[in-house]
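Colleague: What follows is start_1.cif; its format and atoms are mmCIF, C-alpha atoms and all ligand atoms.
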```cif
data_upload
loop_
_atom_site.label_atom_id
_atom_site.label_comp_id
_atom_site.auth_asym_id
_atom_site.auth_seq_id
_atom_site.Cartn_x
_atom_site.Cartn_y
_atom_site.Cartn_z
CA MET A 254 35.77 206.46 1.29
CA ALA A 255 37.05 208.21 -1.84
CA VAL A 256 40.80 207.53 -1.91
CA ARG A 257 42.72 205.14 0.30
CA ILE A 258 46.50 205.46 0.08
CA VAL A 259 48.92 202.61 0.86
CA VAL A 260 52.58 203.50 1.42
CA GLY A 261 55.77 201.78 2.54
CA LEU A 262 57.34 202.96 5.80
CA GLY A 263 60.77 201.44 5.23
CA TRP A 264 63.35 201.29 2.44
CA GLY A 265 60.83 199.59 0.13
CA ASP A 266 60.01 195.87 0.01
CA GLU A 267 57.71 196.03 3.03
CA GLY A 268 55.22 193.64 1.46
CA LYS A 269 52.94 196.34 0.08
CA GLY A 270 51.90 194.14 -2.86
CA ARG A 271 49.80 191.76 -0.82
CA VAL A 272 48.37 194.50 1.42
CA VAL A 273 47.33 196.40 -1.69
CA ASP A 274 45.90 193.25 -3.20
CA LEU A 275 43.78 192.70 -0.07
CA LEU A 276 42.65 196.30 0.38
CA GLY A 277 41.88 196.49 -3.33
CA GLU A 278 38.82 194.31 -2.81
CA GLY A 279 35.82 196.46 -3.57
CA ALA A 280 37.87 199.34 -5.05
CA ALA A 281 36.68 200.59 -8.43
CA ALA A 282 40.19 201.66 -9.44
CA VAL A 283 43.76 201.18 -8.32
CA ALA A 284 46.43 203.76 -9.02
CA ARG A 285 50.22 203.87 -9.08
CA PHE A 286 51.60 207.27 -8.15
CA SER A 287 55.38 206.94 -8.09
CA GLY A 288 58.36 205.08 -9.48
CA GLY A 289 58.40 202.74 -12.42
CA ALA A 290 60.08 199.50 -13.37
CA ASN A 291 62.24 199.67 -10.22
CA ALA A 292 59.28 198.35 -8.21
CA GLY A 293 58.60 194.66 -7.70
CA HIS A 294 55.35 193.75 -5.97
CA THR A 295 54.72 190.12 -5.10
CA VAL A 296 51.32 188.53 -4.64
CA VAL A 297 50.67 184.82 -4.05
CA ILE A 298 47.25 183.64 -5.19
CA GLY A 299 46.35 179.96 -4.88
CA GLY A 300 50.01 178.94 -4.72
CA GLU A 301 50.89 180.94 -7.83
CA THR A 302 53.47 183.71 -7.28
CA LEU A 303 53.02 186.81 -9.40
CA VAL A 304 55.52 189.66 -9.45
CA LEU A 305 54.36 192.96 -10.90
CA HIS A 306 56.61 195.87 -11.73
CA GLN A 307 54.71 198.62 -13.54
CA LEU A 308 51.22 197.14 -13.62
CA PRO A 309 49.37 198.18 -10.45
CA THR A 310 49.02 195.18 -8.12
CA GLY A 311 45.32 195.84 -7.53
CA LEU A 312 44.67 195.18 -11.25
CA LEU A 313 44.85 191.47 -10.43
CA ARG A 314 41.21 191.81 -9.36
CA ASP A 315 38.82 191.37 -12.30
CA GLY A 316 37.16 194.42 -13.73
CA VAL A 317 39.11 196.96 -11.67
CA LEU A 318 40.38 200.05 -13.50
CA GLY A 319 44.10 200.86 -13.27
CA LEU A 320 45.63 204.33 -13.30
CA VAL A 321 49.23 205.49 -13.58
CA GLY A 322 49.88 209.04 -12.41
CA ALA A 323 51.98 211.86 -13.85
CA GLY A 324 54.56 211.33 -11.09
CA CYS A 325 55.44 207.87 -12.39
CA VAL A 326 58.05 207.12 -15.02
CA ILE A 327 56.96 204.56 -17.57
CA ASP A 328 59.33 202.23 -19.41
CA PRO A 329 57.04 201.48 -22.36
CA ALA A 330 58.93 198.45 -23.67
CA ALA A 331 59.20 196.89 -20.21
CA LEU A 332 55.52 197.54 -19.47
CA CYS A 333 54.40 195.88 -22.70
CA ALA A 334 56.78 192.96 -22.05
CA GLU A 335 55.48 192.60 -18.47
CA ALA A 336 51.89 192.33 -19.71
CA GLU A 337 52.89 189.91 -22.47
CA ALA A 338 54.71 187.63 -20.01
CA LEU A 339 51.47 187.35 -18.00
CA GLY A 340 49.66 185.98 -21.09
CA GLU A 341 45.91 186.48 -21.28
CA ARG A 342 45.80 187.84 -17.74
CA GLY A 343 48.39 190.46 -18.73
CA SER A 344 46.62 191.66 -21.85
CA ASP A 345 43.37 191.94 -19.87
CA MET A 346 45.18 193.95 -17.19
CA LEU A 347 46.78 196.21 -19.78
CA SER A 348 43.42 196.84 -21.44
CA ARG A 349 42.09 198.19 -18.10
CA LEU A 350 45.03 200.53 -17.59
CA LEU A 351 44.85 204.30 -18.15
CA LEU A 352 48.10 206.25 -18.18
CA SER A 353 48.55 209.92 -17.45
CA PRO A 354 49.71 211.66 -20.65
CA ARG A 355 51.99 213.70 -18.39
CA ALA A 356 53.89 210.67 -17.08
CA HIS A 357 57.49 210.68 -18.28
CA LEU A 358 58.92 207.88 -20.37
CA VAL A 359 62.13 206.02 -19.61
CA HIS A 360 64.22 205.92 -22.77
CA PRO A 361 66.82 203.11 -23.08
CA ALA A 362 69.55 205.78 -23.38
CA TYR A 363 68.84 206.66 -19.73
CA ARG A 364 70.23 203.28 -18.65
CA VAL A 365 73.47 204.24 -20.37
CA LEU A 366 73.53 207.57 -18.53
CA GLU A 367 72.81 205.84 -15.23
CA ARG A 368 75.65 203.36 -15.64
CA TYR A 369 78.08 206.21 -16.16
CA ASP A 370 76.71 208.14 -13.24
CA GLU A 371 77.00 205.17 -10.91
CA LYS A 372 80.56 204.41 -12.09
CA SER A 373 81.63 208.00 -11.56
CA ARG A 374 80.61 207.80 -7.89
CA GLY A 375 83.13 205.03 -7.16
CA PRO A 376 82.61 203.58 -3.67
CA GLY A 377 79.82 206.11 -3.07
CA ALA A 378 77.59 204.51 -5.74
CA ILE A 379 73.88 204.49 -4.90
CA GLY A 380 73.33 200.89 -5.98
CA THR A 381 70.36 201.75 -8.17
CA THR A 382 68.17 199.14 -9.79
CA GLY A 383 69.74 200.14 -13.11
CA PHE A 384 66.43 200.77 -14.88
CA GLY A 385 67.15 204.40 -15.78
CA ILE A 386 64.84 205.79 -13.10
CA GLY A 387 67.19 208.53 -11.85
CA PRO A 388 67.97 209.96 -15.30
CA ALA A 389 64.26 209.93 -16.20
CA TYR A 390 63.41 212.10 -13.17
CA ALA A 391 66.54 214.23 -13.62
CA ARG A 392 65.56 214.99 -17.19
CA LYS A 393 61.98 215.70 -16.15
CA TYR A 394 63.15 218.44 -13.80
CA ALA A 395 65.78 219.65 -16.27
CA ARG A 396 62.82 220.08 -18.67
CA ARG A 397 64.31 217.71 -21.21
CA GLY A 398 62.10 214.67 -20.61
CA ILE A 399 59.85 212.72 -22.96
CA ARG A 400 56.23 212.40 -21.85
CA LEU A 401 53.58 209.91 -22.88
CA GLU A 402 51.64 212.68 -24.59
CA ASP A 403 54.61 213.16 -26.94
CA ALA A 404 53.80 209.69 -28.23
CA LEU A 405 50.48 210.97 -29.58
CA ASP A 406 52.57 212.24 -32.51
CA ARG A 407 54.90 209.67 -34.12
CA SER A 408 57.31 212.13 -35.69
CA LEU A 409 57.60 214.18 -32.47
CA LEU A 410 58.39 211.02 -30.49
CA GLU A 411 60.88 209.76 -33.06
CA GLY A 412 62.68 213.10 -32.97
CA LEU A 413 62.90 213.09 -29.17
CA SER A 414 64.10 209.48 -29.17
CA LYS A 415 66.77 210.28 -31.76
CA THR A 416 68.02 213.16 -29.62
CA ALA A 417 68.20 210.89 -26.56
CA VAL A 418 70.28 208.38 -28.51
CA GLU A 419 72.58 211.08 -29.90
CA GLU A 420 73.21 212.46 -26.44
CA VAL A 421 74.88 209.23 -25.32
CA ALA A 422 76.90 208.76 -28.51
CA GLY A 423 80.36 207.46 -27.66
CA MET A 424 79.25 206.02 -24.32
CA ASP A 425 79.45 202.26 -23.97
CA SER A 426 75.87 200.97 -23.79
CA ALA A 427 76.41 197.21 -23.30
CA PHE A 428 73.25 196.60 -25.39
CA ASP A 429 71.97 197.49 -28.86
CA LEU A 430 70.69 201.00 -28.19
CA GLU A 431 69.36 201.62 -31.71
CA ALA A 432 67.31 198.42 -31.59
CA GLU A 433 65.97 199.20 -28.11
CA ALA A 434 65.14 202.76 -29.13
CA ALA A 435 63.02 201.38 -31.98
CA VAL A 436 61.12 199.13 -29.53
CA PHE A 437 60.76 202.13 -27.19
CA VAL A 438 59.06 204.14 -29.94
CA GLU A 439 56.66 201.37 -30.99
CA SER A 440 55.75 200.50 -27.40
CA ALA A 441 55.17 204.14 -26.48
CA LEU A 442 52.93 204.62 -29.53
CA ARG A 443 50.93 201.60 -28.43
CA LEU A 444 50.57 202.85 -24.84
CA ALA A 445 49.64 206.35 -25.97
CA GLN A 446 46.29 204.88 -27.03
CA GLN A 447 45.56 204.53 -23.33
CA ALA A 448 46.55 208.04 -22.29
CA ARG A 449 43.93 209.69 -20.07
CA ASP A 450 43.90 212.43 -17.45
CA THR A 451 43.79 210.57 -14.16
CA GLY A 452 42.43 213.41 -11.99
CA PRO A 453 38.97 213.64 -13.61
CA VAL A 454 38.64 209.83 -13.56
CA ILE A 455 39.25 209.83 -9.80
CA ALA A 456 36.93 212.80 -9.22
CA GLU A 457 34.15 211.09 -11.13
CA LEU A 458 34.55 207.81 -9.25
CA ALA A 459 34.61 209.70 -5.94
CA ALA A 460 31.43 211.56 -6.87
CA ARG A 461 29.75 208.20 -7.47
CA GLY A 462 30.80 207.02 -4.00
CA GLU A 463 33.43 204.59 -5.32
CA THR A 464 36.80 203.91 -3.72
CA VAL A 465 40.16 204.36 -5.42
CA LEU A 466 43.18 202.63 -3.96
CA ALA A 467 46.42 204.55 -4.49
CA GLU A 468 49.26 202.06 -4.16
CA GLY A 469 52.67 203.31 -3.22
CA ALA A 470 55.90 201.95 -4.62
CA GLN A 471 59.31 201.95 -2.91
CA GLY A 472 59.21 203.36 0.66
CA THR A 473 59.43 206.51 2.77
CA LEU A 474 63.08 205.95 3.68
CA ILE A 475 64.10 206.11 0.01
CA ASP A 476 61.90 209.11 -0.75
CA PRO A 477 64.03 211.92 -2.28
CA ASP A 478 62.76 214.53 0.23
CA HIS A 479 62.16 212.52 3.38
CA GLY A 480 64.42 209.50 2.90
CA THR A 481 68.05 208.73 3.57
CA TYR A 482 69.45 211.16 1.02
CA PRO A 483 71.46 210.74 -1.20
CA PHE A 484 70.80 206.99 -1.08
CA VAL A 485 67.25 207.37 -2.30
CA THR A 486 65.16 206.79 -5.38
CA CYS A 487 63.90 209.78 -7.40
CA GLY A 488 60.13 209.37 -7.41
CA SER A 489 58.30 210.83 -4.43
CA CYS A 490 56.89 207.85 -2.51
CA VAL A 491 55.12 209.41 0.47
CA ALA A 492 51.33 209.62 0.86
CA GLY A 493 51.11 213.33 -0.03
CA SER A 494 52.54 212.68 -3.46
CA ALA A 495 49.51 210.57 -4.43
CA CYS A 496 47.54 213.81 -4.81
CA VAL A 497 50.29 215.56 -6.75
CA SER A 498 50.94 212.66 -9.07
CA LEU A 499 47.38 211.60 -9.79
CA GLY A 500 45.94 215.11 -9.89
CA PHE A 501 43.30 215.15 -7.16
CA GLY A 502 42.94 217.28 -4.03
CA PRO A 503 43.77 216.16 -0.45
CA SER A 504 40.10 216.52 0.51
CA LEU A 505 39.42 213.23 -1.30
CA VAL A 506 41.80 211.22 0.90
CA GLY A 507 39.86 208.98 3.25
CA GLU A 508 42.59 206.83 4.79
CA VAL A 509 46.36 206.38 4.76
CA VAL A 510 47.66 202.88 5.44
CA GLY A 511 51.37 202.41 6.14
CA VAL A 512 53.08 199.07 5.59
CA MET A 513 56.01 198.09 7.78
CA LYS A 514 57.91 194.87 8.10
CA ALA A 515 58.41 193.09 11.45
CA TYR A 516 62.17 193.62 10.87
CA ALA A 517 64.10 195.88 8.49
CA THR A 518 65.62 195.36 5.06
CA ARG A 519 67.44 197.54 2.60
CA VAL A 520 68.64 196.86 -0.94
CA GLY A 521 71.31 199.05 -2.48
CA ALA A 522 73.85 201.18 -0.64
CA GLY A 523 73.34 203.68 2.19
CA PRO A 524 73.33 203.82 5.99
CA PHE A 525 71.44 201.10 7.84
CA PRO A 526 72.06 201.45 11.60
CA THR A 527 70.31 198.22 12.65
CA GLU A 528 71.86 196.01 9.96
CA ILE A 529 72.69 192.51 11.25
CA ALA A 530 75.98 191.07 10.11
CA GLY A 531 76.57 187.33 9.95
CA GLU A 532 74.47 184.26 10.48
CA THR A 533 71.34 185.78 12.05
CA GLY A 534 71.02 188.23 9.16
CA ASP A 535 71.48 185.36 6.69
CA ARG A 536 68.79 183.31 8.45
CA ILE A 537 66.29 186.15 8.27
CA ARG A 538 67.14 186.68 4.59
CA GLU A 539 66.46 183.02 3.80
CA ARG A 540 63.28 182.71 5.89
CA GLY A 541 61.91 185.98 4.52
CA ARG A 542 63.07 185.22 0.93
CA GLU A 543 64.71 188.62 1.02
CA TYR A 544 65.91 188.96 -2.56
CA GLY A 545 64.96 191.93 -4.75
CA ARG A 546 62.01 191.14 -7.03
CA ALA A 547 63.14 193.62 -9.67
CA THR A 548 66.87 192.82 -9.63
CA GLY A 549 67.37 189.54 -7.70
CA ARG A 550 69.88 191.25 -5.39
CA PRO A 551 70.10 189.91 -1.81
CA ARG A 552 68.58 192.39 0.62
CA ARG A 553 70.49 193.57 3.67
CA CYS A 554 68.59 192.55 6.82
CA GLY A 555 68.38 194.26 10.19
CA TRP A 556 66.38 194.65 13.39
CA PHE A 557 63.22 196.72 13.51
CA ASP A 558 64.09 200.40 13.81
CA ALA A 559 61.36 202.13 15.80
CA VAL A 560 63.03 205.53 15.46
CA LEU A 561 62.86 205.52 11.66
CA SER A 562 59.49 203.77 11.54
CA ARG A 563 57.91 206.32 13.89
CA TYR A 564 59.36 209.10 11.76
CA ALA A 565 58.06 207.49 8.53
CA ALA A 566 54.57 206.94 9.97
CA GLY A 567 54.51 210.65 10.89
CA VAL A 568 55.59 211.83 7.45
CA ASN A 569 52.68 209.92 5.94
CA GLY A 570 50.06 210.59 8.62
CA CYS A 571 49.10 206.92 8.82
CA ASP A 572 45.62 206.09 10.12
CA MET A 573 46.53 202.44 10.29
CA VAL A 574 49.58 200.24 9.81
CA ALA A 575 49.88 196.76 8.32
CA LEU A 576 52.73 194.77 9.87
CA THR A 577 54.12 192.17 7.49
CA LEU A 578 56.26 189.02 7.69
CA LEU A 579 55.88 188.52 11.45
CA ASP A 580 56.28 184.74 10.98
CA VAL A 581 59.85 185.23 9.70
CA LEU A 582 60.92 185.90 13.32
CA ASP A 583 59.38 182.64 14.66
CA GLU A 584 62.66 180.87 15.47
CA LEU A 585 64.54 183.64 17.25
CA ASP A 586 65.36 183.38 20.99
CA GLU A 587 65.50 187.14 21.40
CA ILE A 588 64.46 190.04 19.20
CA PRO A 589 66.22 193.40 19.62
CA VAL A 590 64.30 196.52 18.61
CA CYS A 591 66.07 199.86 18.14
CA THR A 592 64.18 202.42 20.21
CA SER A 593 66.63 205.33 20.12
CA TYR A 594 70.04 206.39 18.85
CA ALA A 595 72.81 207.22 21.30
CA LEU A 596 73.22 210.99 21.75
CA VAL A 597 70.49 211.86 19.24
CA PRO A 598 67.38 213.68 20.46
CA ARG A 599 64.15 211.89 19.58
CA ASP A 600 62.76 214.78 17.58
CA ALA A 601 65.78 215.23 15.33
CA VAL A 602 65.84 212.09 13.26
CA PRO A 603 69.05 212.20 11.21
CA VAL A 604 67.90 210.64 7.95
CA GLY A 605 70.64 212.14 5.78
CA ARG A 606 74.33 211.32 5.52
CA THR A 607 74.73 211.52 9.32
CA LEU A 608 72.48 208.50 9.82
CA GLY A 609 75.57 206.38 9.14
CA ARG A 610 77.16 207.76 12.31
CA CYS A 611 74.22 206.88 14.58
CA VAL A 612 74.61 204.11 17.10
CA PRO A 613 71.34 202.28 17.75
CA VAL A 614 70.17 201.62 21.30
CA TYR A 615 68.20 198.38 21.60
CA GLU A 616 65.53 197.02 23.87
CA VAL A 617 65.49 193.22 23.67
CA LEU A 618 62.24 191.26 23.60
CA PRO A 619 61.90 187.49 24.08
CA GLY A 620 61.10 185.46 20.94
CA TRP A 621 57.91 183.33 20.81
CA LYS A 622 59.64 180.25 19.33
CA THR A 623 56.38 178.97 17.82
CA ASP A 624 55.33 178.48 14.21
CA ILE A 625 52.72 181.16 13.56
CA SER A 626 52.70 180.86 9.78
CA GLY A 627 49.22 181.10 8.30
CA GLU A 628 47.70 182.19 11.64
CA ARG A 629 44.55 184.27 11.08
CA ARG A 630 43.35 185.15 14.59
CA TRP A 631 44.96 187.66 16.95
CA GLU A 632 43.89 185.64 20.00
CA SER A 633 45.65 182.54 18.66
CA LEU A 634 49.06 184.21 18.44
CA PRO A 635 51.49 183.32 21.26
CA ALA A 636 51.47 185.98 23.99
CA ARG A 637 55.06 186.97 23.20
CA ALA A 638 54.21 187.59 19.54
CA ARG A 639 51.31 189.81 20.63
CA ASP A 640 53.63 191.58 23.07
CA TYR A 641 56.08 192.21 20.22
CA VAL A 642 53.34 193.74 18.04
CA GLU A 643 52.05 195.91 20.88
CA PHE A 644 55.60 197.01 21.70
CA LEU A 645 56.11 198.15 18.08
CA GLU A 646 52.78 199.96 18.20
CA LYS A 647 53.78 201.84 21.32
CA ARG A 648 57.27 202.74 20.14
CA THR A 649 56.14 203.86 16.69
CA GLY A 650 52.97 205.61 17.83
CA THR A 651 50.86 203.70 15.31
CA ARG A 652 47.82 201.44 15.29
CA ILE A 653 48.65 198.06 13.79
CA GLY A 654 45.38 196.89 12.27
CA MET A 655 46.64 194.09 10.02
CA ILE A 656 49.38 191.50 10.51
CA SER A 657 50.57 189.14 7.80
CA THR A 658 51.70 185.67 8.82
CA GLY A 659 52.42 184.05 5.47
CA PRO A 660 52.60 184.67 1.75
CA GLU A 661 49.06 183.61 0.73
CA ARG A 662 46.36 186.21 0.14
CA ASP A 663 44.46 185.12 3.29
CA ASP A 664 47.39 184.63 5.70
CA ILE A 665 46.43 187.78 7.53
CA ILE A 666 45.14 188.85 10.93
CA HIS A 667 42.68 191.73 11.05
CA ARG A 668 42.71 193.49 14.38
CA ARG A 669 40.16 195.89 15.88
P1 LIG A 701 66.57 203.60 -8.35
O1 LIG A 701 65.15 203.74 -7.93
O2 LIG A 701 66.79 202.51 -9.36
O3 LIG A 701 67.16 204.92 -8.77
O4 LIG A 701 67.43 203.14 -7.07
C1 LIG A 701 67.74 204.02 -6.00
C2 LIG A 701 67.74 203.28 -4.67
O5 LIG A 701 66.41 202.88 -4.34
C3 LIG A 701 68.56 201.99 -4.67
O6 LIG A 701 69.10 201.80 -3.37
C4 LIG A 701 67.53 200.92 -4.95
O7 LIG A 701 67.93 199.66 -4.46
C5 LIG A 701 66.35 201.48 -4.18
N1 LIG A 701 65.06 201.01 -4.71
C6 LIG A 701 64.42 201.44 -5.81
N2 LIG A 701 63.25 200.80 -5.97
C7 LIG A 701 63.14 199.96 -4.94
C8 LIG A 701 62.11 199.04 -4.52
O8 LIG A 701 61.06 198.86 -5.14
N3 LIG A 701 62.38 198.36 -3.37
C9 LIG A 701 63.51 198.55 -2.65
N4 LIG A 701 64.47 199.38 -2.99
C10 LIG A 701 64.28 200.09 -4.13
#
```
For this file, write the structure as structure tokens.
Modeller:
Amino acid sequence: MAVRIVVGLGWGDEGKGRVVDLLGEGAAAVARFSGGANAGHTVVIGGETLVLHQLPTGLLRDGVLGLVGAGCVIDPAALCAEAEALGERGSDMLSRLLLSPRAHLVHPAYRVLERYDEKSRGPGAIGTTGFGIGPAYARKYARRGIRLEDALDRSLLEGLSKTAVEEVAGMDSAFDLEAEAAVFVESALRLAQQARDTGPVIAELAARGETVLAEGAQGTLIDPDHGTYPFVTCGSCVAGSACVSLGFGPSLVGEVVGVMKAYATRVGAGPFPTEIAGETGDRIRERGREYGRATGRPRRCGWFDAVLSRYAAGVNGCDMVALTLLDVLDELDEIPVCTSYALVPRDAVPVGRTLGRCVPVYEVLPGWKTDISGERRWESLPARARDYVEFLEKRTGTRIGMISTGPERDDIIHRR
């Protein structure tokens, strides 16, 4: 298989990190194709929890090559700091990373712009991660962005950085912008040494019969085209964008794997029809450790939404789905699943502003009330847990080939 793409089918935080880490075994290269420092991918290896933001998760495997596509936005200072914080492991990972010269850079002034933008929205604020992601993409499409290739020339980069600082003059930055701009320049110059066209690297690996794993960040429901607009991120996070971002043709795609959680979560603002208020939601949050890895914010928790998940699986053309965090539901007596919205036809999924007006219709399944954590065999799962998985398969029209039952690398059931 040439390229295998892994994408999130929810609002992000589906547990892609560990699925990517597992599927990365045997891959010659792993590639990020969207987003930037807003991502937070968690992997637990031998009891040690590692959270990666801009470094591709698959780079945790020795000797693998890492790629970052043109559709990503790179915060150079944060990327260097992330590698440094991981010590020797981080510098080794960074040395195996190749960055598209066409990827845009996130200047610290963009965080200032973002704060103002969010404030100006009042109660309609998006609830962004605050890492300047939106302004970086906005400036890219306004043709005012700074790209990694600009860092191949110090004076060009310094000029662009100076302009970015000047543009926010008079705005309250809440941090030392001049100092951060200086770190931005030095970090970008350092990373520019690793600039490389990603498309030819992938084509060459494919020609040699190697596999490249393209790891998605965020999730389909916060994709700017297909997500719950305007409460979305700005990088395209659906499977098709892997080709666009990394610069290879769709003919190289061998498999698309979607990752969905056994329940739903959302961080930030925006409609969430199946959100659970009160104690049950709190219990799921605690059992699932549902706090943002990039920001620490508590995630909103809800029941599985088969309408949105089916839609998301379709947008990505998933060959297989990995269902994560099934063990989090172990203690529940009953588990509602949203299978339709009142008065909404099945083929007109309202993912925009009108989603907030939709009333979910639930089918209620019995809980299995058994500790399944760490279970690795499908046959050993309680019948009701298997029924739940098969019900989700049927209602989402997907094939669930992997099920995670705990945080460790091997707490996983492979099916069929
Ligand atoms: P931004 O990406 O910082 O612009 O944030 C836009 C929206 O996407 C906010 O609701 C964020 O909470 C959400 N978001 C961005 N990245 C992630 C992620 O990795 N997981 C979950 N939500 C995210």
Colleague: Please identify the residues whose atoms come within 9 Å of ligand LIG 701 (chain A), using all atoms listed in the file, and report them as an NGL selection string.
Modeller: :A and (263-267 or 288-294 or 306 or 367 or 379-388 or 470-472 or 475-476 or 484-488 or 518-523 or 545-548 or 550 or 552)
Colleague: Determine, counting all atoms listed in the file, every residue of protein, DNA or RNA that lies within 7 Å of (68.4, 190.8, 21.2) in the file coordinates, then give the result as a PyMOL selection string.
Modeller: chain A and resi 587-589+617-618
Colleague: Please determine, counting all atoms listed in the file, which residue among A:Leu578, A:Ile625, A:Leu366, A:Ala559 has the shortest atom-to-atom distance to Ile656 of chain A.
Modeller: A:Leu578
Colleague: Which value, in Å to one decimal, gives the distance between atom CA of Leu312 of chain A and atom CA of Ala566 of chain A?
Modeller: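 A separation of 26.2 Å between them.
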Colleague: In file coordinates, which residues lie within 7 Å of (60.2, 183.1, 23.7) using only C-alpha atoms, given as a list in words?
Modeller: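 Applying the cut-off with only C-alpha atoms, one gets Asp586, Pro619, Gly620, Trp621, Lys622 and Arg637 of chain A.
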Colleague: What is the atom CA of Lys415 of chain A-atom CA of Ala334 of chain A distance in Å, reported with one decimal?
Modeller: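 These two atoms are separated by 22.2 Å.
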Colleague: When you look at Gly300 of chain A with a cut-off of 10 Å (counting all atoms listed in the file), what residues show up, excluding the ones that are within fewer than 3 positions of it in the same chain? I need them as a PDB file with C-alpha atoms, in the frame of the given file.
Modeller:
```
ATOM      1  CA  VAL A 296      51.320 188.530  -4.640  1.00  0.00           C
ATOM      2  CA  VAL A 297      50.670 184.820  -4.050  1.00  0.00           C
ATOM      3  CA  LEU A 303      53.020 186.810  -9.400  1.00  0.00           C
ATOM      4  CA  PRO A 660      52.600 184.670   1.750  1.00  0.00           C
ATOM      5  CA  GLU A 661      49.060 183.610   0.730  1.00  0.00           C
ATOM      6  CA  ARG A 662      46.360 186.210   0.140  1.00  0.00           C
TER       7      ARG A 662
END
```
Colleague: What does the distance between atom CA of Ala434 of chain A and atom CA of Ala330 of chain A come to in Å, to one decimal place?
Modeller: 9.3 Å
Colleague: Find, counting all atoms listed in the file, the residue in A:Ala331, A:Leu358, A:Val465, A:Ala636 that gets nearest to Val436 of chain A.
Modeller: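 For Val436 of chain A, the nearest of the given residues is A:Ala331.
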Colleague: So that I can check the surroundings of Ala601 of chain A, please list as a compact mmCIF listing (two decimals) with C-alpha atoms, in the frame of the given file every protein, DNA and RNA residue that reaches within 12 Å of it, counting all atoms listed in the file and ignoring chain neighbours fewer than 4 positions away.
Modeller:
```txt
# COMPACT_ATOMS: atom_id res chain seq x y z
CA VAL A 560 63.03 205.53 15.46
CA LEU A 561 62.86 205.52 11.66
CA ARG A 563 57.91 206.32 13.89
CA TYR A 564 59.36 209.10 11.76
CA SER A 593 66.63 205.33 20.12
CA TYR A 594 70.04 206.39 18.85
CA LEU A 596 73.22 210.99 21.75
CA VAL A 597 70.49 211.86 19.24
CA GLY A 605 70.64 212.14 5.78
CA THR A 607 74.73 211.52 9.32
CA LEU A 608 72.48 208.50 9.82
CA CYS A 611 74.22 206.88 14.58
```
Colleague: Which one is closest to Ala280 of chain A: A:Ile298, A:Leu474, A:Met254, A:Leu645? Count only C-alpha atoms.
Modeller: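 Selected residue with least distance to Ala280 of chain A: A:Met254.
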Colleague: Restricting the calculation to all atoms listed in the file: of A:Thr658, A:Asp580, A:Ser562, A:Ile665, which residue gets closest to Glu646 of chain A?
Modeller: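 Result for the nearest residue to Glu646 of chain A: A:Ser562.
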Colleague: If we count only C-alpha atoms, what is near Glu402 of chain A at a cut-off of 7 Å, once residues fewer than 6 positions away on the same chain are taken out, given as a ChimeraX atom specification?
Modeller: /A:354-355,445
Colleague: Which residue, A:Pro361, A:Pro598, A:Gly319, A:Gly343, has the smallest gap to Ala467 of chain A when you use only C-alpha atoms?
Modeller: A:Gly319
Colleague: Name the residues in contact with Arg538 of chain A at a cut-off of 8 Å, using only C-alpha atoms, excluding same-chain residues fewer than 2 positions from it; report them as a count of residues only.
Modeller: 12
Colleague: Measuring atom to atom with only C-alpha atoms, identify which of A:Leu579, A:Gly480, A:Val317, A:Val359 is nearest to Asp624 of chain A.
Modeller: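 Closest to Asp624 of chain A of all the choices is A:Leu579.
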